[in-house]
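Contents: one structure, followed by commentary.
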Amino acid sequence: MELSSRVQAIKPSPTLAVTARAARLKAEGKDIIGLGAGEPDFDTPQHIKNAAIEALNKGLTKYTAVGGTLSLKKAIIEKFQRENNLEFETKQILVSCGGKQSFFNLALATLNPGDEVIIPAPYWVSYPDIVMIAEGKPVFITAGIEQNFKITPEQLEKAITPNTKMFVINSPSNPTGAVYTQGELHALGIVLRKHPKILIATDDMYEHILLSDNNFVNILNICPDLYSRTIVLNGVSKAYSMTGWRIGYCGGPAEIITAMENIQSQSTSNPSSISQAAAEMALNGDQSCIQPMVTAFIERNNYVSEQLNLCKGVTCLKSQGAFYAFADMRQAIDNLYEREFIQHKNDLALCEYLLEKAGIAVVPGSAFGCEGYVRLSFATTLDNLDKAMSRLNQALAH
């Protein structure tokens with residue numbers, strides 16, 4: 001049987017693959033510290049779980065409207081107004097099965113074969129593959145550690161062609177933890193104003209996981225005149241430690257949201273009714289549950305960035321948001337290759353070496369479009385991180 005060219009053009013999620021392999025090795029009895037998972041290690045707050053239990057007891061286990069319950073849409077509208085100063089109507093809101101489906105719906109609803117989507121690299125692993133499923137063409141702008149993992153207006157202008165259909169921005173960033181400032185977003189907005197046919201997708205999933213003194217802003221806050229062609233993507237997964245509940249949401253132009261809902265109606269239909277009830281409580285309920293988690297991430301971020309920079313051949317910026325360290329390992333790779341500890345001079349060989357010899361599972365930077373780096377999640381205990389950093393230091397010092 002011949003598979004479709006569509007599925008042959010994409011690859012499985014590397015981050016999920018690393019997590020799954022670490023779990024298999026653990027099940028075999030090996031001592032593995034998994035730093036690949038992109039999810040908080042905290043439990044979902046109790047008041048959110050209670051809302052789900054109440055929904056179950058009320059029998060709210062049937063289909064809902066494809067695009068989400070009215071009450072959850074109202075909670076999302078209020079959230080956007082309260083926290084982001086953005087005004088949306090019900091017809092401009094779509095609830096999906098996670099942030100990944102939101103972007104999937106957007107790509108399928110707006111891209112035609114050959115349409116180009118500009119994606120800053122390092123990028124979240126799923127952006128380019130989803131674009132390719134929609135028969136679009138990913139166009140990458142690389143921004144390494146030398147420019148703090150943030151693209152410049154000049155790079156954006158150079159990447160735009162007559163075929164450019166969409167620009168994607170993710171701040172705070174997975175995998176780098178980079179956060180765009182108001183001035184940087186304003187400068188990108190000046191470029192985008194000159195190209196009125198380009199859609200803008202701002203992925204704000206890590207909005208609440210800020211690890212510095214910066215306040216969260218997205219490009220629409222800074223350039224409100226881009227409102228008519230901007231889709232704001234978000235969800236409850238990271239801020240409320242609800243990754244498994246699978247609820248993402250977005251706000252944008254009504255015509256695009258309707259098209260995205262049509263796509264969803266022919267794929268998953270509505271998100272889980274119980275998860276929607278929990279998400280409604282997350283958005284409407286006590287928000288103080290977020291800060292203890294962020295405080296823990298700040299402590300871990302400080303520790304991990306300090307320890308990584310003590311390792312031989314490693315350079316790492318302190319993350320400004322999210323819960324990842326994106327470390328430049330190029331010198332470490334050169335060192336290990338020269339001493340024949342690894343057979344190939346790339347980050348895949350390094351990650352394999354760290355998993356087999358040090359019992360540390362990390363994700364190669366090439367999975368995010370940035371060869372020579374690794375992503376380490378510090379969404380685990382300080383005790384685990386201490387052990388992992390000690391093992392890493394020893395493995396690279398050999």
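By order in the structure tokens, chains are A, B, ...; within a chain, residues start at 1; ligands start at 1, following the order shown.
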Within 8 Å of region 331-334 of chain A using only C-alpha atoms, minus same-chain residues under 4 positions, as a compact mmCIF listing (two decimals) with N, CA, C and O atoms, in the first residue's frame:
```txt
# COMPACT_ATOMS: atom_id res chain seq x y z
N LYS A 312 31.27 22.02 30.48
CA LYS A 312 32.28 22.21 29.44
C LYS A 312 31.63 22.29 28.07
O LYS A 312 30.92 21.38 27.65
N GLY A 313 31.88 23.38 27.37
CA GLY A 313 31.40 23.53 26.01
C GLY A 313 29.95 23.93 25.87
O GLY A 313 29.37 23.80 24.79
N VAL A 314 29.34 24.45 26.95
CA VAL A 314 27.92 24.80 26.94
C VAL A 314 27.73 26.29 27.21
O VAL A 314 28.38 26.86 28.09
N GLU A 338 35.69 14.98 18.78
CA GLU A 338 37.15 14.90 18.65
C GLU A 338 37.72 13.78 19.50
O GLU A 338 38.71 13.14 19.13
N LYS A 345 29.03 14.32 14.40
CA LYS A 345 29.15 15.65 15.01
C LYS A 345 27.84 16.41 14.86
O LYS A 345 27.72 17.35 14.07
N ASN A 346 26.83 15.97 15.63
CA ASN A 346 25.54 16.66 15.60
C ASN A 346 24.80 16.47 16.91
O ASN A 346 25.24 15.68 17.78
N ASP A 347 23.70 17.20 17.07
CA ASP A 347 22.98 17.16 18.35
C ASP A 347 22.23 15.85 18.57
O ASP A 347 21.97 15.46 19.70
N LEU A 350 24.69 13.64 20.24
CA LEU A 350 24.88 14.10 21.61
C LEU A 350 23.74 13.62 22.50
O LEU A 350 23.98 13.11 23.61
N GLY A 372 22.67 21.78 16.84
CA GLY A 372 23.75 22.10 17.76
C GLY A 372 23.30 22.55 19.13
O GLY A 372 24.13 22.84 19.99
N LEU A 396 29.99 15.58 30.00
CA LEU A 396 30.67 16.48 29.07
C LEU A 396 32.13 16.72 29.45
O LEU A 396 32.92 17.17 28.62
```
Which residues come within 10 Å of region 171-179 of chain A, counting only C-alpha atoms, excluding same-chain residues fewer than 6 positions away, as a VMD selection string? chain A and resid 38 121 to 125 144 to 145 148 to 150 202 to 212 214 to 219 316 to 327 363 365 367 to 368 374 to 377
Show me, as a ChimeraX atom specification, the residues that have an atom within 7 Å of region 53-65 of chain A when counting only C-alpha atoms, minus same-chain residues fewer than 3 positions from it. /A:49-50,68-69,270,273-274,277
Give me, please, the distance in Å between CA of Arg193 (chain A) and CA of Val117 (chain A), quoted to one decimal.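 Pair CA of Arg193 (chain A) / CA of Val117 (chain A) returns 16.6 Å.
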Can you tell me how far CA of Gln46 (chain A) sits from CA of Ile290 (chain A), in Å to one decimal?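 These two atoms are separated by 12.5 Å.
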Smallest atom-to-atom distance to Ile247 (chain A): which of A:Gly67, A:Pro153, A:Pro14, A:Pro138, using only C-alpha atoms?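 Under the stated criterion, the closest residue is A:Gly67.
Taking only C-alpha atoms, the non-local environment of Tyr240 (chain A) within 9 Å (same-chain residues fewer than 5 positions away omitted) comprises Pro40, Phe42, Asp43, Thr44, Pro45, Ile48, Ala279, Ala282, Gln287, Cys289 and Ile290 of chain A.
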Polymer residues at most 12 Å from Glu89 (chain A), only C-alpha atoms, same-chain spacing of 2 or more positions, as a list in words: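 My reading of the contact set: Leu70, Lys73, Lys74, Ala75, Ile76, Ile77, Glu78, Phe80, Gln81, Leu86, Glu87, Lys91, Gln92, Ile93, Leu94, Cys250, Gly251, Gly252, Pro253, Ala254 and Ile257 of chain A.
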Could you write out the selected residues, including N, CA, C and O atoms, as a compact mmCIF listing (two decimals), in the first residue's frame?
```txt
# COMPACT_ATOMS: atom_id res chain seq x y z
N LEU A 70 -21.30 27.77 25.00
CA LEU A 70 -21.47 29.22 25.06
C LEU A 70 -20.85 29.79 26.33
O LEU A 70 -20.22 30.85 26.30
N LYS A 73 -17.12 29.99 25.94
CA LYS A 73 -16.77 31.09 25.03
C LYS A 73 -16.88 32.44 25.74
O LYS A 73 -16.03 33.33 25.55
N LYS A 74 -17.90 32.60 26.58
CA LYS A 74 -18.05 33.85 27.33
C LYS A 74 -16.87 34.03 28.29
O LYS A 74 -16.37 35.14 28.47
N ALA A 75 -16.44 32.93 28.92
CA ALA A 75 -15.29 33.01 29.83
C ALA A 75 -14.03 33.41 29.07
O ALA A 75 -13.20 34.18 29.59
N ILE A 76 -13.87 32.90 27.86
CA ILE A 76 -12.70 33.25 27.04
C ILE A 76 -12.76 34.72 26.63
O ILE A 76 -11.75 35.43 26.68
N ILE A 77 -13.95 35.18 26.23
CA ILE A 77 -14.12 36.59 25.86
C ILE A 77 -13.76 37.49 27.04
O ILE A 77 -13.05 38.51 26.89
N GLU A 78 -14.23 37.13 28.23
CA GLU A 78 -13.93 37.92 29.43
C GLU A 78 -12.44 37.88 29.75
O GLU A 78 -11.86 38.87 30.18
N PHE A 80 -9.93 37.46 27.56
CA PHE A 80 -9.25 38.31 26.60
C PHE A 80 -9.40 39.80 26.96
O PHE A 80 -8.45 40.57 26.84
N GLN A 81 -10.58 40.19 27.40
CA GLN A 81 -10.82 41.59 27.74
C GLN A 81 -10.08 41.97 29.03
O GLN A 81 -9.42 43.00 29.11
N LEU A 86 -8.35 42.88 24.80
CA LEU A 86 -8.78 42.54 23.45
C LEU A 86 -10.28 42.26 23.46
O LEU A 86 -10.78 41.55 24.34
N GLU A 87 -11.00 42.80 22.48
CA GLU A 87 -12.45 42.65 22.41
C GLU A 87 -12.82 41.66 21.31
O GLU A 87 -12.44 41.83 20.15
N LYS A 91 -18.90 34.89 18.01
CA LYS A 91 -18.62 34.31 16.70
C LYS A 91 -17.13 34.38 16.33
O LYS A 91 -16.71 33.80 15.33
N GLN A 92 -16.35 35.07 17.14
CA GLN A 92 -14.91 35.19 16.89
C GLN A 92 -14.08 34.25 17.76
O GLN A 92 -12.85 34.34 17.77
N ILE A 93 -14.73 33.34 18.47
CA ILE A 93 -14.05 32.44 19.40
C ILE A 93 -14.26 30.99 18.97
O ILE A 93 -15.37 30.59 18.62
N LEU A 94 -13.18 30.20 19.04
CA LEU A 94 -13.27 28.77 18.78
C LEU A 94 -12.52 28.01 19.86
O LEU A 94 -11.38 28.35 20.19
N CYS A 250 -8.97 30.11 20.60
CA CYS A 250 -8.42 31.22 19.83
C CYS A 250 -9.50 32.25 19.57
O CYS A 250 -10.70 31.97 19.64
N GLY A 251 -9.02 33.46 19.28
CA GLY A 251 -9.89 34.55 18.90
C GLY A 251 -9.36 35.19 17.63
O GLY A 251 -8.14 35.31 17.46
N GLY A 252 -10.26 35.58 16.73
CA GLY A 252 -9.81 36.18 15.49
C GLY A 252 -10.96 36.63 14.62
O GLY A 252 -12.12 36.65 15.05
N PRO A 253 -10.66 37.01 13.37
CA PRO A 253 -11.71 37.44 12.45
C PRO A 253 -12.80 36.38 12.31
O PRO A 253 -12.50 35.18 12.17
N ALA A 254 -14.05 36.80 12.33
CA ALA A 254 -15.18 35.86 12.34
C ALA A 254 -15.16 34.93 11.13
O ALA A 254 -15.47 33.73 11.25
N ILE A 257 -12.55 32.24 11.80
CA ILE A 257 -13.00 31.36 12.90
C ILE A 257 -14.09 30.42 12.41
O ILE A 257 -14.09 29.22 12.74
```
Quick one: distance from CA of Phe88 (chain A) to CA of Leu199 (chain A) in Å, one decimal? 17.4 Å
So, with only C-alpha atoms as the atoms that count, which of A:Val304, A:Cys351, A:Ile222, A:Ile200 lies closest to Leu385 (chain A)? A:Val304
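By chain and then residue number, the residues within 6 Å of Lys137 (chain A) are Gly114, Asp115 and Glu116 of chain A, counting only C-alpha atoms and disregarding those fewer than 3 positions away in sequence.
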Output of the above residues as a PDB file, in the first residue's frame, restricted to N, CA and C atoms:
```
ATOM      1  N   GLY A 114       1.236  25.706  -1.876  1.00  0.00           N
ATOM      2  CA  GLY A 114       2.273  26.668  -2.236  1.00  0.00           C
ATOM      3  C   GLY A 114       2.288  27.932  -1.415  1.00  0.00           C
ATOM      4  N   ASP A 115       1.248  28.194  -0.622  1.00  0.00           N
ATOM      5  CA  ASP A 115       1.261  29.375   0.249  1.00  0.00           C
ATOM      6  C   ASP A 115       2.399  29.262   1.250  1.00  0.00           C
ATOM      7  N   GLU A 116       3.107  30.366   1.462  1.00  0.00           N
ATOM      8  CA  GLU A 116       4.259  30.357   2.361  1.00  0.00           C
ATOM      9  C   GLU A 116       3.871  30.859   3.746  1.00  0.00           C
TER      10      GLU A 116
END
```
For the structure I just gave you, how does DSSP split region 1-245 of chain A - specifically, which residues are alpha helix (DSSP H)? Reply as number ranges by chain. A: 5-8, 14-27, 46-57, 70-84, 99-110, 126-133, 153-159, 182-193, 219-222
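Each of A:Leu192, A:Ala143, A:Ala134, A:Ile360 was checked against Ile160 (chain A) using only C-alpha atoms; the smallest atom-to-atom distance is that of A:Leu192.
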Of the candidates A:Ile130, A:Ala37, A:Ala187, A:Ile118, which one gets nearest to Val168 (chain A) if we count only C-alpha atoms?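 With only C-alpha atoms as the atom set, the closest residue is A:Ile118.
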Residues of region 2-94 of chain A in strand (DSSP E or B), written as a PyMOL selection string: chain A and resi 33-34+93-94
Selection from above, N, CA and C atoms, as a compact mmCIF listing (two decimals), in the first residue's frame, can you write it?
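Ended up saving to out19.txt:
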```txt
# COMPACT_ATOMS: atom_id res chain seq x y z
N ILE A 33 16.46 10.30 33.86
CA ILE A 33 15.85 11.57 34.24
C ILE A 33 15.33 12.21 32.96
N GLY A 34 14.01 12.31 32.85
CA GLY A 34 13.38 12.84 31.64
C GLY A 34 13.24 14.35 31.68
N ILE A 93 -14.73 33.34 18.47
CA ILE A 93 -14.05 32.44 19.40
C ILE A 93 -14.26 30.99 18.97
N LEU A 94 -13.18 30.20 19.04
CA LEU A 94 -13.27 28.77 18.78
C LEU A 94 -12.52 28.01 19.86
```
Counting only C-alpha atoms, which residue out of A:Arg6, A:Ala201, A:Glu157, A:Asp328 sits closest to Ser305 (chain A)? A:Asp328
From the set A:Val294, A:Ile133, A:Val139, A:Ile263, which residue has the shortest atom-to-atom contact distance to Lys11 (chain A), counting only C-alpha atoms?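 Answer, going by the shortest atom-to-atom distance: A:Ile133.
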